[in-house]
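Raw data_32.cif, mmCIF, C-alpha atoms:
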```
data_data
loop_
_atom_site.label_atom_id
_atom_site.label_comp_id
_atom_site.auth_asym_id
_atom_site.auth_seq_id
_atom_site.Cartn_x
_atom_site.Cartn_y
_atom_site.Cartn_z
CA MET A 1 112.94 160.55 213.91
CA ILE A 2 110.28 158.30 215.43
CA LEU A 3 108.96 161.16 217.57
CA ASN A 4 108.73 163.43 214.53
CA ALA A 5 106.90 160.71 212.58
CA PHE A 6 104.52 160.22 215.52
CA LEU A 7 103.75 163.96 215.66
CA LEU A 8 103.14 164.05 211.92
CA ALA A 9 100.78 161.08 212.25
CA LEU A 10 98.80 162.83 215.02
CA LYS A 11 98.61 166.01 212.91
CA GLU A 12 97.29 164.09 209.90
CA ILE A 13 94.70 162.26 212.04
CA ARG A 14 93.57 165.55 213.56
CA ASN A 15 93.20 167.11 210.11
CA ASN A 16 90.96 164.22 209.02
CA LEU A 17 89.34 163.38 212.33
CA LEU A 18 86.00 162.09 211.01
CA ARG A 19 87.66 159.86 208.42
CA ALA A 20 90.09 158.49 211.02
CA GLY A 21 87.21 157.81 213.44
CA LEU A 22 85.20 155.90 210.85
CA THR A 23 88.33 154.00 209.80
CA THR A 24 88.99 152.74 213.32
CA LEU A 25 85.34 151.85 213.95
CA GLY A 26 85.91 148.19 213.04
CA ILE A 27 88.82 148.01 215.48
CA VAL A 28 86.73 149.65 218.21
CA ILE A 29 83.83 147.24 217.72
CA GLY A 30 86.10 144.19 217.55
CA VAL A 31 88.09 145.01 220.68
CA ALA A 32 84.97 146.05 222.62
CA ALA A 33 83.20 142.81 221.70
CA VAL A 34 86.18 140.64 222.67
CA ILE A 35 86.63 142.44 226.00
CA ALA A 36 82.90 142.16 226.76
CA MET A 37 82.76 138.45 225.87
CA VAL A 38 85.81 137.56 227.96
CA THR A 39 84.70 139.66 230.94
CA LEU A 40 81.14 138.32 230.94
CA GLY A 41 82.44 134.76 230.44
CA SER A 42 84.76 135.14 233.43
CA GLY A 43 81.92 136.55 235.52
CA ALA A 44 79.57 133.71 234.53
CA THR A 45 82.23 131.12 235.37
CA LYS A 46 82.88 132.73 238.74
CA ARG A 47 79.16 132.89 239.52
CA VAL A 48 78.47 129.26 238.59
CA THR A 49 81.50 127.93 240.47
CA ALA A 50 80.53 130.01 243.51
CA ASP A 51 77.00 128.58 243.39
CA ILE A 52 78.36 125.04 243.16
CA ALA A 53 80.78 125.77 246.00
CA SER A 54 77.89 127.11 248.10
CA MET A 55 76.45 123.58 248.13
CA GLY A 56 79.50 122.51 250.13
CA ARG A 57 83.22 121.92 249.60
CA ASN A 58 84.65 118.51 248.74
CA LEU A 59 81.10 117.27 248.26
CA LEU A 60 79.86 114.00 246.81
CA ILE A 61 76.19 113.37 246.03
CA VAL A 62 74.93 109.79 245.79
CA ILE A 63 71.60 109.38 243.99
CA PRO A 64 69.67 106.29 242.86
CA GLY A 65 69.20 105.60 239.14
CA GLN A 66 71.29 106.63 236.13
CA ARG A 67 70.88 109.76 234.03
CA ARG A 68 73.43 108.55 231.44
CA GLY A 69 73.13 105.46 229.29
CA PRO A 70 70.12 103.10 229.13
CA PRO A 71 67.35 103.56 231.72
CA VAL A 72 68.00 101.75 235.01
CA ALA A 73 65.42 101.20 237.76
CA ALA A 74 65.97 103.74 240.55
CA THR A 75 65.71 101.65 243.71
CA PRO A 76 65.78 104.08 246.68
CA PHE A 77 68.49 103.93 249.34
CA GLN A 78 67.91 103.19 253.01
CA ILE A 79 69.32 104.79 256.16
CA SER A 80 71.50 101.69 256.54
CA ASP A 81 73.31 102.65 253.30
CA ALA A 82 74.33 106.00 254.79
CA ASP A 83 75.35 104.24 258.02
CA ALA A 84 77.50 101.80 256.04
CA ILE A 85 79.25 104.66 254.22
CA THR A 86 79.96 106.36 257.57
CA ARG A 87 81.30 103.13 259.02
CA ASP A 88 83.31 101.68 256.12
CA VAL A 89 84.72 104.67 254.21
CA GLN A 90 87.64 106.62 255.67
CA GLY A 91 88.31 110.35 255.45
CA LEU A 92 84.74 111.65 255.64
CA GLY A 93 83.56 114.93 257.11
CA ALA A 94 79.81 114.23 257.22
CA VAL A 95 77.24 111.84 255.71
CA ALA A 96 73.64 113.02 255.47
CA PRO A 97 70.80 110.85 254.11
CA GLN A 98 67.89 112.83 252.68
CA GLN A 99 64.32 112.34 251.57
CA ALA A 100 62.79 115.38 249.88
CA ARG A 101 59.27 116.07 248.67
CA GLN A 102 57.00 118.98 247.87
CA GLY A 103 54.67 120.15 250.61
CA VAL A 104 52.66 123.12 251.80
CA ALA A 105 53.82 125.06 254.86
CA VAL A 106 50.97 126.93 256.59
CA SER A 107 51.07 129.55 259.34
CA LEU A 108 47.74 131.14 260.27
CA ASN A 109 46.39 132.62 257.01
CA ARG A 110 49.69 132.37 255.12
CA ASN A 111 50.92 129.39 253.16
CA ARG A 112 53.86 128.47 250.95
CA THR A 113 54.39 125.51 248.63
CA THR A 114 57.99 124.53 249.24
CA GLN A 115 60.47 121.67 249.40
CA ILE A 116 60.37 119.56 252.56
CA VAL A 117 63.78 118.04 253.28
CA GLY A 118 63.99 115.17 255.75
CA THR A 119 67.56 114.66 256.93
CA THR A 120 69.91 114.72 259.92
CA ASN A 121 72.12 117.38 261.51
CA ALA A 122 74.95 116.13 259.29
CA TYR A 123 73.13 117.88 256.42
CA PHE A 124 74.03 121.31 257.81
CA LYS A 125 77.69 120.30 258.12
CA ALA A 126 77.93 118.62 254.71
CA ARG A 127 76.28 121.57 252.95
CA GLU A 128 78.19 124.10 255.08
CA TRP A 129 74.85 125.72 255.83
CA PRO A 130 74.72 126.99 259.43
CA VAL A 131 71.59 127.76 261.42
CA ALA A 132 71.60 131.56 261.75
CA VAL A 133 68.90 131.84 264.40
CA GLY A 134 67.77 129.19 266.88
CA ARG A 135 69.23 125.68 266.81
CA ASP A 136 69.37 122.44 264.88
CA PHE A 137 67.80 119.12 265.93
CA SER A 138 68.60 117.48 269.24
CA PRO A 139 69.68 113.79 269.22
CA ALA A 140 66.38 112.85 270.88
CA GLU A 141 64.38 114.66 268.19
CA GLU A 142 66.30 112.87 265.44
CA ARG A 143 65.86 109.42 267.02
CA ALA A 144 62.17 109.88 267.74
CA GLY A 145 61.34 111.64 264.47
CA LYS A 146 59.76 114.54 266.35
CA ALA A 147 57.91 117.14 264.26
CA VAL A 148 60.33 120.07 264.54
CA CYS A 149 61.70 122.09 261.64
CA VAL A 150 64.34 124.56 260.51
CA LEU A 151 63.11 127.10 257.95
CA GLY A 152 64.88 128.53 254.93
CA GLU A 153 64.90 132.33 254.81
CA THR A 154 62.35 132.51 251.97
CA VAL A 155 59.82 130.36 253.81
CA ARG A 156 60.37 132.34 257.01
CA ARG A 157 59.78 135.64 255.20
CA GLU A 158 56.65 134.39 253.41
CA LEU A 159 55.07 132.89 256.53
CA PHE A 160 56.14 135.35 259.24
CA GLY A 161 57.23 138.57 257.55
CA GLY A 162 59.06 140.67 260.14
CA GLU A 163 57.89 138.59 263.10
CA SER A 164 60.01 136.05 264.96
CA ALA A 165 59.46 132.47 263.84
CA ILE A 166 61.39 130.68 266.61
CA GLY A 167 59.01 128.74 268.83
CA ALA A 168 56.07 129.21 266.46
CA ARG A 169 54.02 126.26 265.28
CA ILE A 170 53.31 125.76 261.59
CA ARG A 171 51.61 122.99 259.64
CA ILE A 172 53.44 120.94 257.00
CA ASP A 173 50.63 119.38 254.97
CA ARG A 174 48.69 117.68 257.80
CA VAL A 175 51.50 117.62 260.38
CA ALA A 176 51.93 120.29 263.07
CA CYS A 177 55.58 121.29 263.38
CA ASP A 178 57.49 123.48 265.87
CA VAL A 179 60.03 125.91 264.37
CA VAL A 180 63.38 125.60 266.16
CA GLY A 181 65.75 127.38 263.76
CA ILE A 182 66.26 129.59 260.71
CA LEU A 183 68.94 128.81 258.13
CA GLU A 184 71.45 131.38 256.95
CA ALA A 185 70.30 132.89 253.65
CA LYS A 186 72.05 131.62 250.49
CA GLY A 187 70.04 133.41 247.83
CA GLN A 188 69.26 132.44 244.25
CA SER A 189 71.52 130.14 242.26
CA THR A 190 72.74 130.82 238.71
CA PHE A 191 70.08 128.44 237.38
CA GLY A 192 67.30 130.52 238.96
CA GLN A 193 66.57 128.21 241.89
CA ASP A 194 65.84 129.82 245.25
CA GLN A 195 68.09 127.88 247.62
CA ASP A 196 66.29 129.30 250.68
CA ASP A 197 62.88 127.95 249.67
CA LEU A 198 62.86 124.84 251.89
CA VAL A 199 61.89 123.41 255.26
CA VAL A 200 64.27 120.97 256.95
CA MET A 201 62.86 118.30 259.30
CA PRO A 202 64.28 115.18 260.97
CA LEU A 203 64.48 112.35 258.43
CA LYS A 204 62.32 109.94 260.44
CA ALA A 205 59.62 112.59 260.84
CA VAL A 206 59.33 113.01 257.07
CA GLN A 207 59.46 109.27 256.44
CA ARG A 208 56.81 108.35 258.98
CA ARG A 209 54.44 111.32 258.97
CA LEU A 210 54.64 112.67 255.41
CA ALA A 211 56.01 110.02 253.04
CA GLY A 212 54.83 106.83 254.74
CA ASN A 213 58.00 104.90 253.83
CA THR A 214 61.66 104.55 254.87
CA ASP A 215 63.20 105.53 251.53
CA VAL A 216 66.24 107.76 251.16
CA ASN A 217 66.48 109.42 247.74
CA LEU A 218 69.84 111.15 248.13
CA ILE A 219 72.96 110.96 250.28
CA TRP A 220 75.21 113.99 250.85
CA ILE A 221 78.86 113.18 251.62
CA SER A 222 81.49 115.77 252.53
CA VAL A 223 85.12 114.68 252.35
CA ALA A 224 87.53 115.92 255.02
CA SER A 225 90.37 116.68 252.57
CA ALA A 226 90.19 117.78 248.93
CA ASN A 227 93.06 115.41 248.16
CA ASP A 228 90.92 112.42 249.18
CA VAL A 229 87.86 113.19 247.04
CA SER A 230 88.77 110.82 244.20
CA ARG A 231 89.64 107.98 246.58
CA VAL A 232 86.48 108.44 248.64
CA ARG A 233 84.38 108.53 245.48
CA ALA A 234 85.89 105.22 244.34
CA ASP A 235 85.37 103.66 247.79
CA VAL A 236 81.73 104.81 247.97
CA HIS A 237 81.10 103.52 244.44
CA ALA A 238 82.55 100.09 245.29
CA LEU A 239 80.63 99.92 248.58
CA MET A 240 77.30 100.81 246.98
CA ARG A 241 77.75 98.23 244.23
CA GLU A 242 78.36 95.64 246.92
CA ARG A 243 75.38 96.71 249.00
CA ARG A 244 73.07 96.77 245.98
CA HIS A 245 74.29 93.29 244.92
CA LEU A 246 75.46 94.30 241.44
CA GLU A 247 77.41 91.63 239.60
CA ALA A 248 80.67 92.35 237.79
CA GLY A 249 79.91 94.00 234.46
CA ALA A 250 76.37 94.98 235.46
CA ALA A 251 75.41 98.64 234.97
CA ASP A 252 75.26 100.86 238.04
CA ASP A 253 71.78 101.69 239.31
CA PHE A 254 73.09 104.75 241.17
CA GLU A 255 75.44 107.70 240.62
CA VAL A 256 78.20 109.20 242.74
CA ASN A 257 78.58 112.79 241.57
CA ASP A 258 81.72 114.75 242.41
CA MET A 259 81.07 118.51 242.71
CA GLN A 260 84.72 119.25 241.92
CA GLU A 261 84.36 117.37 238.65
CA ILE A 262 81.16 119.25 237.86
CA THR A 263 82.93 122.53 238.63
CA ARG A 264 85.80 121.66 236.28
CA MET A 265 83.30 120.65 233.58
CA VAL A 266 81.42 123.95 233.92
CA GLU A 267 84.66 125.95 233.82
CA SER A 268 85.83 124.07 230.72
CA THR A 269 82.50 124.51 228.92
CA THR A 270 82.33 128.22 229.75
CA ALA A 271 85.92 128.74 228.61
CA ILE A 272 85.21 127.06 225.26
CA LEU A 273 82.06 129.12 224.70
CA THR A 274 83.87 132.32 225.67
CA ALA A 275 86.74 131.55 223.30
CA PHE A 276 84.32 130.75 220.46
CA LEU A 277 82.31 133.95 220.94
CA SER A 278 85.51 135.99 221.26
CA ALA A 279 86.83 134.49 218.00
CA VAL A 280 83.59 135.44 216.23
CA ALA A 281 83.81 138.96 217.66
CA ALA A 282 87.46 139.23 216.60
CA VAL A 283 86.41 138.93 212.94
CA SER A 284 85.53 142.62 213.06
CA LEU A 285 89.21 143.30 213.83
CA LEU A 286 90.03 141.83 210.43
CA VAL A 287 87.38 144.04 208.86
CA GLY A 288 88.82 147.03 210.70
CA GLY A 289 92.30 146.19 209.47
CA ILE A 290 91.08 146.08 205.87
CA GLY A 291 89.43 149.48 206.43
CA ILE A 292 92.73 150.91 207.68
CA MET A 293 94.58 149.55 204.65
CA ASN A 294 91.98 151.04 202.30
CA ILE A 295 92.10 154.49 203.88
CA MET A 296 95.91 154.49 204.01
CA LEU A 297 96.01 153.69 200.28
CA VAL A 298 93.66 156.61 199.66
CA SER A 299 95.86 158.80 201.87
CA VAL A 300 98.96 157.83 199.89
CA THR A 301 97.20 158.81 196.66
CA GLU A 302 96.03 162.13 198.09
CA ARG A 303 99.48 163.00 199.46
CA THR A 304 101.58 161.85 196.50
CA ARG A 305 102.88 165.36 195.83
CA GLU A 306 103.77 165.83 199.51
CA ILE A 307 105.67 162.54 199.45
CA GLY A 308 107.51 163.62 196.29
CA ILE A 309 108.61 166.89 197.92
CA ARG A 310 109.89 165.06 201.00
CA LEU A 311 111.84 162.58 198.90
CA ALA A 312 113.21 165.39 196.68
CA ILE A 313 114.61 167.38 199.62
CA GLY A 314 116.44 164.38 201.09
CA ALA A 315 113.97 162.19 202.98
CA ARG A 316 114.88 158.53 202.81
CA GLU A 317 112.48 155.76 201.84
CA ARG A 318 112.47 154.40 205.39
CA ASP A 319 111.47 157.85 206.71
CA VAL A 320 108.37 157.87 204.50
CA LEU A 321 107.70 154.22 205.32
CA LEU A 322 107.93 154.92 209.04
CA GLN A 323 105.64 157.95 208.80
CA PHE A 324 102.77 156.09 207.16
CA LEU A 325 103.30 152.94 209.23
CA ILE A 326 103.17 154.89 212.50
CA GLU A 327 100.04 156.67 211.29
CA ALA A 328 98.32 153.31 210.73
CA VAL A 329 99.51 151.96 214.09
CA VAL A 330 98.37 155.09 215.95
CA MET A 331 94.88 154.88 214.43
CA SER A 332 94.62 151.18 215.21
CA ALA A 333 95.96 151.53 218.77
CA MET A 334 93.62 154.45 219.50
CA GLY A 335 90.74 152.31 218.27
CA GLY A 336 91.94 149.52 220.57
CA VAL A 337 92.04 151.82 223.62
CA ILE A 338 88.57 153.20 222.87
CA GLY A 339 87.32 149.64 222.32
CA VAL A 340 88.70 148.56 225.70
CA LEU A 341 86.91 151.43 227.46
CA ILE A 342 83.62 150.69 225.68
CA GLY A 343 83.98 146.94 226.28
CA LEU A 344 84.65 147.35 230.01
CA SER A 345 81.80 149.85 230.40
CA GLY A 346 79.36 147.66 228.50
CA SER A 347 80.34 144.51 230.38
CA ALA A 348 80.00 146.35 233.71
CA VAL A 349 76.42 147.33 232.83
CA ALA A 350 75.62 143.85 231.50
CA SER A 351 77.14 142.19 234.58
CA GLN A 352 74.94 144.28 236.84
CA ALA A 353 71.85 143.52 234.76
CA LEU A 354 72.61 139.78 234.70
CA LYS A 355 73.72 139.78 238.36
CA LEU A 356 77.15 138.43 237.50
CA PRO A 357 80.45 139.34 239.19
CA PHE A 358 82.35 142.01 237.27
CA THR A 359 85.87 140.60 236.89
CA VAL A 360 88.47 142.40 234.80
CA ASP A 361 91.40 140.44 233.42
CA PRO A 362 94.29 142.92 232.95
CA GLY A 363 96.02 140.42 230.67
CA ILE A 364 93.23 140.42 228.08
CA VAL A 365 93.14 144.24 228.13
CA VAL A 366 96.87 144.45 227.35
CA ILE A 367 96.56 141.74 224.69
CA ALA A 368 93.63 143.54 223.04
CA VAL A 369 95.55 146.84 222.77
CA LEU A 370 98.71 145.13 221.52
CA PHE A 371 96.73 143.06 219.02
CA SER A 372 94.98 146.14 217.67
CA ALA A 373 98.39 147.80 217.22
CA ALA A 374 99.63 144.67 215.45
CA VAL A 375 96.64 144.92 213.09
CA GLY A 376 97.80 148.44 212.27
CA VAL A 377 101.30 147.17 211.48
CA ALA A 378 100.02 144.26 209.38
CA PHE A 379 97.54 146.24 207.32
CA GLY A 380 99.47 149.51 207.24
CA TYR A 381 102.73 148.11 205.95
CA PHE A 382 101.66 147.68 202.31
CA PRO A 383 100.36 151.28 201.88
CA ALA A 384 103.45 152.59 203.72
CA ARG A 385 105.79 150.62 201.45
CA ARG A 386 103.93 151.87 198.39
CA ALA A 387 104.40 155.45 199.57
CA ALA A 388 108.10 154.92 200.28
CA ARG A 389 108.76 153.49 196.81
CA LEU A 390 107.21 156.35 194.87
CA ASP A 391 109.49 157.93 192.29
CA PRO A 392 110.14 161.54 193.42
CA ILE A 393 109.91 163.01 189.90
CA GLU A 394 106.65 161.22 189.12
CA ALA A 395 105.30 162.18 192.51
CA LEU A 396 106.08 165.87 191.94
CA ARG A 397 104.21 165.76 188.61
CA HIS A 398 101.12 164.33 190.33
CA GLU A 399 98.19 166.72 190.54
#
```

Can I see the file as structure tokens?
Amino acid sequence: MILNAFLLALKEIRNNLLRAGLTTLGIVIGVAAVIAMVTLGSGATKRVTADIASMGRNLLIVIPGQRRGPPVAATPFQISDADAITRDVQGLGAVAPQQARQGVAVSLNRNRTTQIVGTTNAYFKAREWPVAVGRDFSPAEERAGKAVCVLGETVRRELFGGESAIGARIRIDRVACDVVGILEAKGQSTFGQDQDDLVVMPLKAVQRRLAGNTDVNLIWISVASANDVSRVRADVHALMRERRHLEAGAADDFEVNDMQEITRMVESTTAILTAFLSAVAAVSLLVGGIGIMNIMLVSVTERTREIGIRLAIGARERDVLLQFLIEAVVMSAMGGVIGVLIGLSGSAVASQALKLPFTVDPGIVVIAVLFSAAVGVAFGYFPARRAARLDPIEALRHE
């Protein structure tokens, strides 16, 4: 009986193919929009979290000043602060003090305005950023603040093109610097920042020869175990308050940022935005359902005589009800399948254009098809019931 009703529904759809296509258009648009929103949202989340992870796992960043709340004077750190963290906090992987500033790197007739990062070898470990070619700084170079440097891939390409940079001498502002290594390329972040556009030098070299002070404006801390991140963050916070002589109740004049927390915040925000946009897109499913109900009511009116004949020769009310209900469900489900294909194709193109990972969630695809079928049931039931309750004699008189 169900198979026969299904075949009758397909025959009726085929006989009115254009009308059926226009009827399911709202379902197609709604499902395609939801699939595209969810897929692009998942890709954006994956891209952002990957970019954050590329900065280093289990990472804490200590910076002077406060970006939240009332303005607080940003007193710079000192190397002794990083040494104290290394000495007094347990469970650390690496601690890297940093002073960064803008500078111009010059090689022969080529130059590049870039970020000059003064730090220690612990920076490469904390950021999980290996030297791809050459080497990092020797202990003697770090202690003496010798003018040597490790180049990011962008700076290497701009200054040397296809030539080897190892052993070459460049000028950083007014300081001659020997290139000893090239960092592994990381590429562009989600926020458009070129992570490879930097030159890394020993911290003391930048402090003495470029900055003229002993300030440290950021401390990178990698934690050995992910389970210890919260504890280490609390320990670092307490230690820095003590070292900066902050009284109980006084506002912090520094921040300890947890990259895991930032990752969770980004994931939560992206999920909320994706859900909101998907809900807006799903409104067209409601519109599509209303369109199906309207066309099914028209179909019942057009086929009143046919319904009367079926009822007169012995068809039961539930047979007529099932026929029209299956017809509505088939149209809606077909629209859902077409919408899924269009949504996945569109999101694949958009992901490539936006340089986002293309991630397909099979669960949302199944849910979209089932939901579109449910729309057919919900909006097709009333016309189907109206058809089933027609009086056979009155139906046969209908012209």

(request) Just the residues within 9 Å of stretch 151-162 of chain A, please, counting only C-alpha atoms, with nothing from its chain fewer than 5 positions along; format it as a ChimeraX atom specification. (result) /A:105-114,170,179-187,194-201

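Shortest separation to A:Glu141 among A:Gln90, A:Gln115, A:Ser351, A:Thr120 occurs at residue A:Thr120, atoms counted being all atoms listed in the file.
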
(message) Excluding A:Ala350 and its own-chain neighbours fewer than 5 positions away, which residues fall within 9 Å of it when counting all atoms listed in the file? Please give them as a ChimeraX atom specification.
(response) /A:36,40,345,355-356

Could those residues be written to a file, using C-alpha atoms, as a PDB file, in the coordinates of the input?
```
ATOM      1  CA  ALA A  36      82.900 142.160 226.760  1.00  0.00           C
ATOM      2  CA  LEU A  40      81.140 138.320 230.940  1.00  0.00           C
ATOM      3  CA  SER A 345      81.800 149.850 230.400  1.00  0.00           C
ATOM      4  CA  LYS A 355      73.720 139.780 238.360  1.00  0.00           C
ATOM      5  CA  LEU A 356      77.150 138.430 237.500  1.00  0.00           C
TER       6      LEU A 356
END
```

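Considering all atoms listed in the file, the residue among A:Val329, A:Val366, A:Ala250, A:Val340 positioned nearest to A:Ala384 is A:Val329.
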
(message) As an exercise, work out the distance from atom CA of A:Ser284 to atom CA of A:Gly26 in Å and give it to one decimal place.
(response) 5.6 Å

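Applied to the file shown here, the PyMOL selection byres ((chain A and resi 220-230) around 7) selects the residues Asn58, Leu59, Leu60, Ile61, Val62, Gly91, Leu92, Gly93, Ala94, Val95, Ala96, Pro97, Ala126, Leu218, Ile219, Arg231, Val232, Arg233 and Ala234 of chain A.
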
(message) Evaluate the PyMOL selection byres ((chain A and resi 175) around 8) against this structure - the residues, as an MDAnalysis selection string, please.
(response) chainID A and resid 147 171:174 176:177 209:210

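In this model, the gap between atom CA of A:Pro202 and atom CA of A:Ile85 comes to 19.5 Å.
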
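Note that the spacing between atom CA of A:Leu325 and atom CA of A:Phe379 amounts to 9.0 Å.
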
(message) Assuming the chain letters and numbering stay as they are in my file, what does the PyMOL selection byres ((chain A and resi 28) around 8) actually select? List them as a PyMOL selection string.
(response) chain A and resi 24-27+29-32+335-340

(message) Env of A:Asn217: 9 Å cut, atoms = all atoms listed in the file, seq-sep filter 3 positions within chain, self excluded. Answer as a PyMOL selection string.
(response) chain A and resi 62-64+75-78+97-100

Written selection (C-alpha atoms) as a CSV table (one decimal), in the coordinates of the input:
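Below is the file that was written, result-v5.csv:
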```
chain,number,residue,atom,x,y,z
A,62,VAL,CA,74.9,109.8,245.8
A,63,ILE,CA,71.6,109.4,244.0
A,64,PRO,CA,69.7,106.3,242.9
A,75,THR,CA,65.7,101.6,243.7
A,76,PRO,CA,65.8,104.1,246.7
A,77,PHE,CA,68.5,103.9,249.3
A,78,GLN,CA,67.9,103.2,253.0
A,97,PRO,CA,70.8,110.8,254.1
A,98,GLN,CA,67.9,112.8,252.7
A,99,GLN,CA,64.3,112.3,251.6
A,100,ALA,CA,62.8,115.4,249.9
```

(message) At a cut-off of 9 Å, using all atoms listed in the file, what residues contact A:Asn121? Leave out same-chain residues fewer than 5 positions from it and give the result as an MDAnalysis selection string.
(response) chainID A and resid 96 136:139 142 202

Could you write out as AutoDock Vina command-line options the box around stretch 343-360 of chain A (axis-aligned, all atoms listed in the file, 5 Å on each side), with centre and edge lengths in Å to one decimal?
```
--center_x 80.2 --center_y 144.1 --center_z 232.7 --size_x 26.6 --size_y 21.4 --size_z 22.9
```

(message) I'd like the contact shell of A:Ser347 - 12 Å cut-off, only C-alpha atoms, skipping same-chain residues fewer than 5 positions apart - returned as a PyMOL selection string.
(response) chain A and resi 32-44+339-342+352-360

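Each of A:Val280, A:Val369, A:Leu321, A:Val150 was compared to A:Phe124 using only C-alpha atoms, and A:Val150 turns out to be the nearest.
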
(message) Taking only C-alpha atoms into account, name the residue in A:Glu128, A:Glu242, A:Asn213, A:Arg14 that is nearest to A:Asp81.
(response) A:Glu242

Is it possible to dump stretch 109-144 of chain A as an mmCIF file, in the first residue's frame, including just C-alpha atoms?
```cif
data_model
loop_
_atom_site.group_PDB
_atom_site.id
_atom_site.type_symbol
_atom_site.label_atom_id
_atom_site.label_comp_id
_atom_site.auth_asym_id
_atom_site.auth_seq_id
_atom_site.Cartn_x
_atom_site.Cartn_y
_atom_site.Cartn_z
ATOM 1 C CA ASN A 109 69.500 47.235 -2.337
ATOM 2 C CA ARG A 110 66.546 45.435 -0.739
ATOM 3 C CA ASN A 111 64.787 46.419 2.452
ATOM 4 C CA ARG A 112 61.790 45.308 4.493
ATOM 5 C CA THR A 113 59.975 47.015 7.362
ATOM 6 C CA THR A 114 59.291 44.202 9.785
ATOM 7 C CA GLN A 115 58.955 43.227 13.436
ATOM 8 C CA ILE A 116 62.208 42.809 15.354
ATOM 9 C CA VAL A 117 61.788 40.314 18.191
ATOM 10 C CA GLY A 118 64.423 40.236 20.923
ATOM 11 C CA THR A 119 64.194 37.015 22.921
ATOM 12 C CA THR A 120 65.983 33.809 23.926
ATOM 13 C CA ASN A 121 66.132 30.289 22.482
ATOM 14 C CA ALA A 122 63.226 29.398 24.783
ATOM 15 C CA TYR A 123 61.038 31.409 22.376
ATOM 16 C CA PHE A 124 61.386 28.746 19.677
ATOM 17 C CA LYS A 125 60.417 26.020 22.159
ATOM 18 C CA ALA A 126 57.502 27.915 23.717
ATOM 19 C CA ARG A 127 56.065 28.847 20.316
ATOM 20 C CA GLU A 128 56.839 25.397 18.881
ATOM 21 C CA TRP A 129 58.544 27.169 16.006
ATOM 22 C CA PRO A 130 61.645 25.270 14.860
ATOM 23 C CA VAL A 131 64.536 26.682 12.868
ATOM 24 C CA ALA A 132 64.200 25.044 9.438
ATOM 25 C CA VAL A 133 67.606 26.025 8.077
ATOM 26 C CA GLY A 134 70.733 26.947 10.042
ATOM 27 C CA ARG A 135 70.687 27.163 13.830
ATOM 28 C CA ASP A 136 69.410 29.134 16.793
ATOM 29 C CA PHE A 137 71.528 31.275 19.148
ATOM 30 C CA SER A 138 74.488 29.878 21.029
ATOM 31 C CA PRO A 139 74.663 30.454 24.826
ATOM 32 C CA ALA A 140 77.598 32.819 24.301
ATOM 33 C CA GLU A 141 75.635 34.881 21.759
ATOM 34 C CA GLU A 142 72.697 35.171 24.154
ATOM 35 C CA ARG A 143 74.867 36.219 27.106
ATOM 36 C CA ALA A 144 76.873 38.752 25.134
#
```
